[in-house]
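Quick notes on the structure that follows.
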Protein chains: 2
Amino acid sequence: MGVRVRNSRDDVVARALAVLDAYGLGDLTMRRLGAELGVRPSALYHHFPDKQTLLGAVADEVLARGLGGAPATPPGDLPWDGVVLEACRRVRDALLAYRDGAELVATVRAFGLGGAAALEEVAAAVATGGFDDDLVATASRALLHLVLGHTGEEQTHLQAQSVGAIGGEPRPDSDFDAAVGLLVAGLRATTPGARADA
Amino acid sequence: MGVRVRNSRDDVVARALAVLDAYGLGDLTMRRLGAELGVRPSALYHHFPDKQTLLGAVADEVLARGLGGAPATPPGDLPWDGVVLEACRRVRDALLAYRDGAELVATVRAFGLGGAAALEEVAAAVATGGFDDDLVATASRALLHLVLGHTGEEQTHLQAQSVGAIGGEPRPDSDFDAAVGLLVAGLRATTPGARADA
DNA sequence: ACCTGAACACCGTTCAAGT
DNA sequence: ACCTGAACACCGTTCAAGT
């Protein structure tokens, strides 16, 4: 019943998010999104030069909604390794909040058109440990690969299950923490001087 | 000038590998592959039920060619951490040997139709350290995510450069070793009793 | 065992033109 | 500032029929 108004760029991104969550990344097409907005697909090219750029904006919105509120480094004086684990969990939760969220962010990162906030979140946490810049960069990239890979698998299985599917092992939630913990332990061991915490 | 013969399943996979390497994953379409074989696209469905299954077979062939010859665990008595690093490097080299190799293997693993050899290679190496089964599983998955993520980025940059592109930082080769080394160090630290080597 | 021919239901993108 | 209409050059997949 709403009056039919013309769509702003933000309207397009918001609607894309809804289509993503309802139908998945594979069905988030320019034609379908146009139809959902009551508009021809060509109208979308007024806001975005191509689909990749649109997807980049959608991925950034997923991350903004999931990470936006809380500060990258929490107020309490957690030890650095606790801060890192929490950052990884926040990124994971942000990805799990939308269907195919992990795959979307991995994709847009691959063509360099979005998803930067995910790496920034992790890097800010790692920097808390007082490591030198090269190590922060290496560890953050490695942790993000872990988060994206692990969450992508987890999301695939969750979505397969919710369709009532095969019923393979449900993959314990704790395996994410274990994987991240392994890398954090390596970080701790690699630089024996770096336990700047409680 | 070869006589035009009918194509076996292996012919199709071999030709798909050639198309992949020459034109990339995005241009590896059923129609293009058919044309390359001198055949209508529908003929391919005699060998494969769908494109995903074909891609799974192509990914398995990439891994078989890259990992096939050498045994999973080398003859010399390397310490377990050396064995793990070598396994990760072998998988990485296998992926780098074909255009978009990392993206291909990541994709087919996501829909569960191939690429199992990559995880097996890493898991066999980790098992060498004498860890219990859960830890082997967790560490192997984490290491493979590192290898796929890192190699995927590296490959994107290498291919962008070879097109004569932007010329961002070339990403030192040693960062792969550093990332894997971080996780291996965590593995070493997590289980204080496990240094079953020289 | 392998292939054709023809169709079905889609894609992303461009561009002149409208309001 | 936003949208239409129409086109271009593609996709994956199915299926009856041929050899």
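To be explicit about the labels: the chains of the structure tokens are called A, B, and onward in the order shown, and within each one the residues are counted from 1, while ligands get numbers from 1 in the order they are shown.
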Would you mind listing, for every residue of chain C within 9 Å of chain A, the two atoms forming the shortest contact and the distance between them in Å to one decimal, using only C-alpha atoms (C1' of nucleotides), sorted by chain and ascending residue number, as a tab-separated table?
residue	atom	partner	partner_atom	distance
C:DC11	C1'	A:Thr29	CA	8.1
C:DG12	C1'	A:Met30	CA	7.6
C:DT13	C1'	A:Ser42	CA	8.0
C:DT14	C1'	A:Ser42	CA	8.8
12 Å contact set for Thr107 of chain A, only C-alpha atoms (C1' of nucleotides), chain neighbours under 2 positions out, as a VMD selection string: (chain A and resid 25 52 to 53 55 to 56 58 to 59 100 to 105 109 to 116 148 to 149 152) or (chain B and resid 103 106 to 107 149 152 to 153 156)
Kindly save the residues from that selection, with N, CA and C atoms included, as a compact mmCIF listing (two decimals), in the first residue's frame.
# COMPACT_ATOMS: atom_id res chain seq x y z
N LEU A 25 22.58 -15.81 -2.27
CA LEU A 25 23.44 -15.05 -3.18
C LEU A 25 23.21 -15.43 -4.64
N GLN A 52 29.19 -6.15 -9.46
CA GLN A 52 30.25 -6.33 -8.48
C GLN A 52 30.28 -5.18 -7.47
N THR A 53 30.13 -3.97 -7.98
CA THR A 53 30.13 -2.81 -7.09
C THR A 53 28.92 -2.83 -6.16
N LEU A 55 27.39 -5.54 -5.11
CA LEU A 55 27.67 -6.57 -4.11
C LEU A 55 28.65 -6.06 -3.06
N GLY A 56 29.62 -5.27 -3.49
CA GLY A 56 30.55 -4.67 -2.54
C GLY A 56 29.82 -3.82 -1.51
N VAL A 58 26.69 -4.10 -0.65
CA VAL A 58 25.87 -4.99 0.18
C VAL A 58 26.74 -5.64 1.27
N ALA A 59 27.91 -6.10 0.89
CA ALA A 59 28.82 -6.71 1.86
C ALA A 59 29.21 -5.70 2.94
N ASP A 100 24.34 -16.66 3.30
CA ASP A 100 25.50 -16.57 2.42
C ASP A 100 26.42 -15.40 2.74
N GLY A 101 26.35 -14.89 3.98
CA GLY A 101 27.17 -13.73 4.35
C GLY A 101 28.66 -13.96 4.19
N ALA A 102 29.13 -15.14 4.58
CA ALA A 102 30.57 -15.43 4.49
C ALA A 102 31.01 -15.50 3.04
N GLU A 103 30.22 -16.17 2.22
CA GLU A 103 30.57 -16.28 0.80
C GLU A 103 30.57 -14.90 0.13
N LEU A 104 29.58 -14.09 0.49
CA LEU A 104 29.50 -12.74 -0.07
C LEU A 104 30.75 -11.92 0.24
N VAL A 105 31.13 -11.91 1.50
CA VAL A 105 32.29 -11.10 1.89
C VAL A 105 33.57 -11.65 1.26
N ARG A 109 35.80 -9.38 -1.39
CA ARG A 109 37.20 -9.17 -1.06
C ARG A 109 38.09 -9.64 -2.21
N ALA A 110 37.69 -10.72 -2.86
CA ALA A 110 38.50 -11.26 -3.95
C ALA A 110 38.60 -10.26 -5.10
N PHE A 111 37.53 -9.57 -5.41
CA PHE A 111 37.69 -8.57 -6.46
C PHE A 111 37.88 -7.15 -5.95
N GLY A 112 38.23 -7.06 -4.65
CA GLY A 112 38.71 -5.78 -4.12
C GLY A 112 37.71 -4.65 -4.07
N LEU A 113 36.42 -4.99 -3.96
CA LEU A 113 35.39 -3.93 -3.99
C LEU A 113 34.55 -3.89 -2.72
N GLY A 114 35.13 -4.25 -1.59
CA GLY A 114 34.37 -4.18 -0.34
C GLY A 114 34.90 -5.14 0.69
N GLY A 115 34.29 -5.14 1.84
CA GLY A 115 34.65 -6.08 2.89
C GLY A 115 35.87 -5.70 3.70
N ALA A 116 36.39 -4.50 3.51
CA ALA A 116 37.61 -4.09 4.21
C ALA A 116 37.42 -4.06 5.72
N LEU A 148 36.79 -16.57 7.61
CA LEU A 148 35.98 -16.69 6.39
C LEU A 148 35.80 -18.14 5.99
N GLY A 149 36.87 -18.91 6.02
CA GLY A 149 36.80 -20.31 5.62
C GLY A 149 35.92 -21.11 6.55
N GLY A 152 32.25 -19.90 6.43
CA GLY A 152 31.64 -20.31 5.16
C GLY A 152 31.18 -21.75 5.19
N GLU B 103 40.71 -20.64 -6.43
CA GLU B 103 39.28 -20.33 -6.43
C GLU B 103 38.47 -21.57 -6.84
N ALA B 106 38.44 -24.05 -3.90
CA ALA B 106 37.59 -23.52 -2.83
C ALA B 106 36.12 -23.67 -3.20
N THR B 107 35.79 -23.39 -4.45
CA THR B 107 34.40 -23.47 -4.91
C THR B 107 33.86 -24.89 -4.84
N GLY B 149 42.95 -19.48 1.29
CA GLY B 149 42.77 -18.04 1.34
C GLY B 149 44.00 -17.29 0.87
N GLY B 152 44.70 -17.98 -2.87
CA GLY B 152 43.71 -17.28 -3.68
C GLY B 152 44.05 -15.81 -3.86
N GLU B 153 44.41 -15.16 -2.76
CA GLU B 153 44.82 -13.75 -2.86
C GLU B 153 46.05 -13.58 -3.72
N THR B 156 45.27 -14.04 -7.39
CA THR B 156 44.58 -12.86 -7.93
C THR B 156 45.58 -11.75 -8.24
Point-to-point distance from atom CA of Ala125 of chain A to atom CA of Gly186 of chain B, Å rounded to tenths: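 Interatomic distance, atom CA of Ala125 of chain A to atom CA of Gly186 of chain B: 18.2 Å.
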Surrounding residues of Ala124 of chain B excluding itself and chain neighbours under 3 positions, 12 Å, only C-alpha atoms (C1' of nucleotides), as a PyMOL selection string: chain B and resi 71-74+80+83-88+117-121+127-131+133+136-137+139-141
Residues of chain B within 7 Å of chain A, only C-alpha atoms counted, as a PyMOL selection string: chain B and resi 110+138-139+142+145-146+149+153+175+179+182-187+189
Write out as a compact mmCIF listing (two decimals) with all heavy atoms, in the first residue's frame the residues lying within 12 Å of DC2 of chain D, counting only C-alpha atoms (C1' of nucleotides) and excluding same-chain residues fewer than 3 positions away.
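Output (part.txt):
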# COMPACT_ATOMS: atom_id res chain seq x y z
N VAL A 5 7.51 5.24 -4.69
CA VAL A 5 8.46 6.34 -4.83
C VAL A 5 9.69 5.88 -5.58
O VAL A 5 9.90 4.67 -5.75
CB VAL A 5 8.90 6.86 -3.45
CG1 VAL A 5 7.81 7.73 -2.85
CG2 VAL A 5 9.24 5.73 -2.52
N ARG A 6 10.49 6.79 -5.99
CA ARG A 6 11.71 6.44 -6.68
C ARG A 6 12.74 5.99 -5.66
O ARG A 6 12.72 6.40 -4.52
CB ARG A 6 12.18 7.64 -7.48
CG ARG A 6 11.03 8.10 -8.36
CD ARG A 6 11.19 9.49 -8.85
NE ARG A 6 11.89 9.54 -10.11
CZ ARG A 6 12.41 10.67 -10.58
NH1 ARG A 6 12.32 11.79 -9.89
NH2 ARG A 6 13.02 10.68 -11.73
N ASN A 7 13.63 5.13 -6.09
CA ASN A 7 14.54 4.46 -5.17
C ASN A 7 15.88 5.18 -5.06
O ASN A 7 16.51 5.48 -6.07
CB ASN A 7 14.80 3.04 -5.65
CG ASN A 7 13.51 2.24 -5.75
OD1 ASN A 7 12.89 1.91 -4.75
ND2 ASN A 7 13.08 1.95 -6.98
N SER A 8 16.31 5.42 -3.85
CA SER A 8 17.65 5.94 -3.63
C SER A 8 18.64 4.79 -3.61
O SER A 8 18.25 3.61 -3.57
CB SER A 8 17.71 6.67 -2.30
OG SER A 8 17.65 5.74 -1.24
N ARG A 9 19.89 5.13 -3.61
CA ARG A 9 20.94 4.11 -3.54
C ARG A 9 20.79 3.24 -2.29
O ARG A 9 20.95 2.02 -2.35
CB ARG A 9 22.31 4.82 -3.53
CG ARG A 9 23.48 3.89 -3.79
CD ARG A 9 24.81 4.60 -3.53
NE ARG A 9 25.67 3.76 -2.74
CZ ARG A 9 26.78 3.18 -3.18
NH1 ARG A 9 27.16 3.38 -4.43
NH2 ARG A 9 27.51 2.41 -2.42
N VAL A 39 10.98 -2.05 -10.67
CA VAL A 39 11.79 -1.25 -11.58
C VAL A 39 12.49 -2.15 -12.58
O VAL A 39 12.70 -3.33 -12.32
CB VAL A 39 12.80 -0.45 -10.69
CG1 VAL A 39 14.22 -0.65 -11.14
CG2 VAL A 39 12.40 1.00 -10.61
N ARG A 40 12.81 -1.64 -13.73
CA ARG A 40 13.57 -2.43 -14.71
C ARG A 40 15.02 -2.60 -14.25
O ARG A 40 15.56 -1.69 -13.62
CB ARG A 40 13.58 -1.72 -16.07
CG ARG A 40 12.23 -1.41 -16.62
CD ARG A 40 11.87 -2.44 -17.65
NE ARG A 40 10.51 -2.88 -17.42
CZ ARG A 40 9.79 -3.52 -18.31
NH1 ARG A 40 10.28 -3.79 -19.52
NH2 ARG A 40 8.58 -3.93 -18.03
N SER A 42 17.71 -2.18 -15.74
CA SER A 42 18.61 -1.11 -16.21
C SER A 42 18.60 0.09 -15.28
O SER A 42 19.57 0.85 -15.23
CB SER A 42 18.22 -0.68 -17.63
OG SER A 42 16.86 -0.30 -17.68
N ALA A 43 17.53 0.26 -14.51
CA ALA A 43 17.45 1.40 -13.58
C ALA A 43 18.52 1.31 -12.49
O ALA A 43 18.96 2.33 -11.95
CB ALA A 43 16.07 1.48 -12.95
N LEU A 44 18.95 0.07 -12.17
CA LEU A 44 19.94 -0.10 -11.11
C LEU A 44 21.29 0.50 -11.50
O LEU A 44 22.09 0.85 -10.63
CB LEU A 44 20.11 -1.59 -10.79
CG LEU A 44 18.83 -2.31 -10.33
CD1 LEU A 44 19.08 -3.79 -10.20
CD2 LEU A 44 18.33 -1.72 -9.02
N TYR A 45 21.51 0.61 -12.80
CA TYR A 45 22.80 1.11 -13.27
C TYR A 45 22.91 2.62 -13.12
O TYR A 45 23.94 3.20 -13.43
CB TYR A 45 23.06 0.66 -14.70
CG TYR A 45 23.30 -0.83 -14.78
CD1 TYR A 45 22.24 -1.73 -14.83
CD2 TYR A 45 24.59 -1.34 -14.73
CE1 TYR A 45 22.46 -3.10 -14.87
CE2 TYR A 45 24.82 -2.70 -14.76
CZ TYR A 45 23.75 -3.58 -14.84
OH TYR A 45 23.98 -4.93 -14.87
N HIS A 46 21.84 3.23 -12.66
CA HIS A 46 21.95 4.63 -12.27
C HIS A 46 22.77 4.78 -10.99
O HIS A 46 23.48 5.77 -10.81
CB HIS A 46 20.55 5.22 -12.07
CG HIS A 46 20.56 6.67 -11.73
ND1 HIS A 46 20.86 7.64 -12.66
CD2 HIS A 46 20.35 7.32 -10.56
CE1 HIS A 46 20.82 8.83 -12.08
NE2 HIS A 46 20.51 8.67 -10.80
N HIS A 47 22.69 3.79 -10.09
CA HIS A 47 23.37 3.87 -8.80
C HIS A 47 24.72 3.16 -8.78
O HIS A 47 25.60 3.54 -8.02
CB HIS A 47 22.49 3.27 -7.71
CG HIS A 47 21.21 4.01 -7.49
ND1 HIS A 47 21.17 5.29 -7.01
CD2 HIS A 47 19.92 3.65 -7.69
CE1 HIS A 47 19.91 5.69 -6.91
NE2 HIS A 47 19.13 4.71 -7.32
P DG C 18 11.86 10.91 -26.49
OP1 DG C 18 10.78 11.16 -27.45
OP2 DG C 18 12.54 12.04 -25.82
O5' DG C 18 11.34 9.89 -25.39
C5' DG C 18 10.11 10.10 -24.80
C4' DG C 18 10.16 9.77 -23.33
O4' DG C 18 11.53 9.66 -22.87
C3' DG C 18 9.56 10.86 -22.45
O3' DG C 18 8.24 10.47 -22.08
C2' DG C 18 10.49 10.98 -21.24
C1' DG C 18 11.52 9.91 -21.47
N9 DG C 18 12.86 10.28 -21.05
C8 DG C 18 13.87 10.79 -21.82
N7 DG C 18 14.99 11.00 -21.15
C5 DG C 18 14.68 10.61 -19.85
C6 DG C 18 15.49 10.60 -18.68
O6 DG C 18 16.66 10.96 -18.56
N1 DG C 18 14.79 10.12 -17.58
C2 DG C 18 13.48 9.69 -17.61
N2 DG C 18 12.96 9.27 -16.45
N3 DG C 18 12.72 9.67 -18.70
C4 DG C 18 13.39 10.16 -19.78
P DT C 19 7.30 11.63 -21.48
OP1 DT C 19 5.94 11.05 -21.43
OP2 DT C 19 7.55 12.88 -22.21
O5' DT C 19 7.87 11.80 -20.00
C5' DT C 19 7.24 11.18 -18.89
C4' DT C 19 7.78 11.80 -17.62
O4' DT C 19 9.21 11.60 -17.60
C3' DT C 19 7.59 13.30 -17.56
O3' DT C 19 6.38 13.62 -16.88
C2' DT C 19 8.82 13.79 -16.78
C1' DT C 19 9.78 12.63 -16.81
N1 DT C 19 11.14 12.96 -17.37
C2 DT C 19 12.23 12.81 -16.55
O2 DT C 19 12.15 12.43 -15.42
N3 DT C 19 13.43 13.14 -17.13
C4 DT C 19 13.63 13.59 -18.43
O4 DT C 19 14.75 13.85 -18.83
C5 DT C 19 12.43 13.72 -19.23
C7 DT C 19 12.52 14.20 -20.64
C6 DT C 19 11.24 13.40 -18.67
DSSP alpha helix (DSSP H) residues within segment 20-149 of chain A, listed as a ChimeraX atom specification: /A:20-23,30-36,51-67,80-96,101-110,116-127,133-149
Which polymer residues have any atom within 8 Å of an atom of Leu67 of chain B, counting only C-alpha atoms (C1' of nucleotides), with same-chain residues fewer than 6 positions away left out, as a PDB file with N, CA, C and O atoms, in the first residue's frame?
ATOM      1  N   ARG B  90      53.145 -27.868  -1.000  1.00  0.00           N
ATOM      2  CA  ARG B  90      52.779 -28.701  -2.146  1.00  0.00           C
ATOM      3  C   ARG B  90      51.372 -28.378  -2.627  1.00  0.00           C
ATOM      4  O   ARG B  90      51.127 -28.268  -3.834  1.00  0.00           O
ATOM      5  N   VAL B  91      50.447 -28.240  -1.672  1.00  0.00           N
ATOM      6  CA  VAL B  91      49.074 -27.892  -2.067  1.00  0.00           C
ATOM      7  C   VAL B  91      49.063 -26.527  -2.751  1.00  0.00           C
ATOM      8  O   VAL B  91      48.448 -26.342  -3.806  1.00  0.00           O
ATOM      9  N   ALA B  94      50.373 -26.767  -6.230  1.00  0.00           N
ATOM     10  CA  ALA B  94      49.393 -27.425  -7.104  1.00  0.00           C
ATOM     11  C   ALA B  94      48.338 -26.423  -7.563  1.00  0.00           C
ATOM     12  O   ALA B  94      47.939 -26.411  -8.735  1.00  0.00           O
TER      13      ALA B  94
END
Atomic separation - atom CA of Asp173 of chain A relative to atom CA of Thr151 of chain B, Å: 26.5 Å
Between atom CA of Tyr23 of chain A and atom CA of Gln159 of chain A, distance in Å (one decimal): 11.5 Å
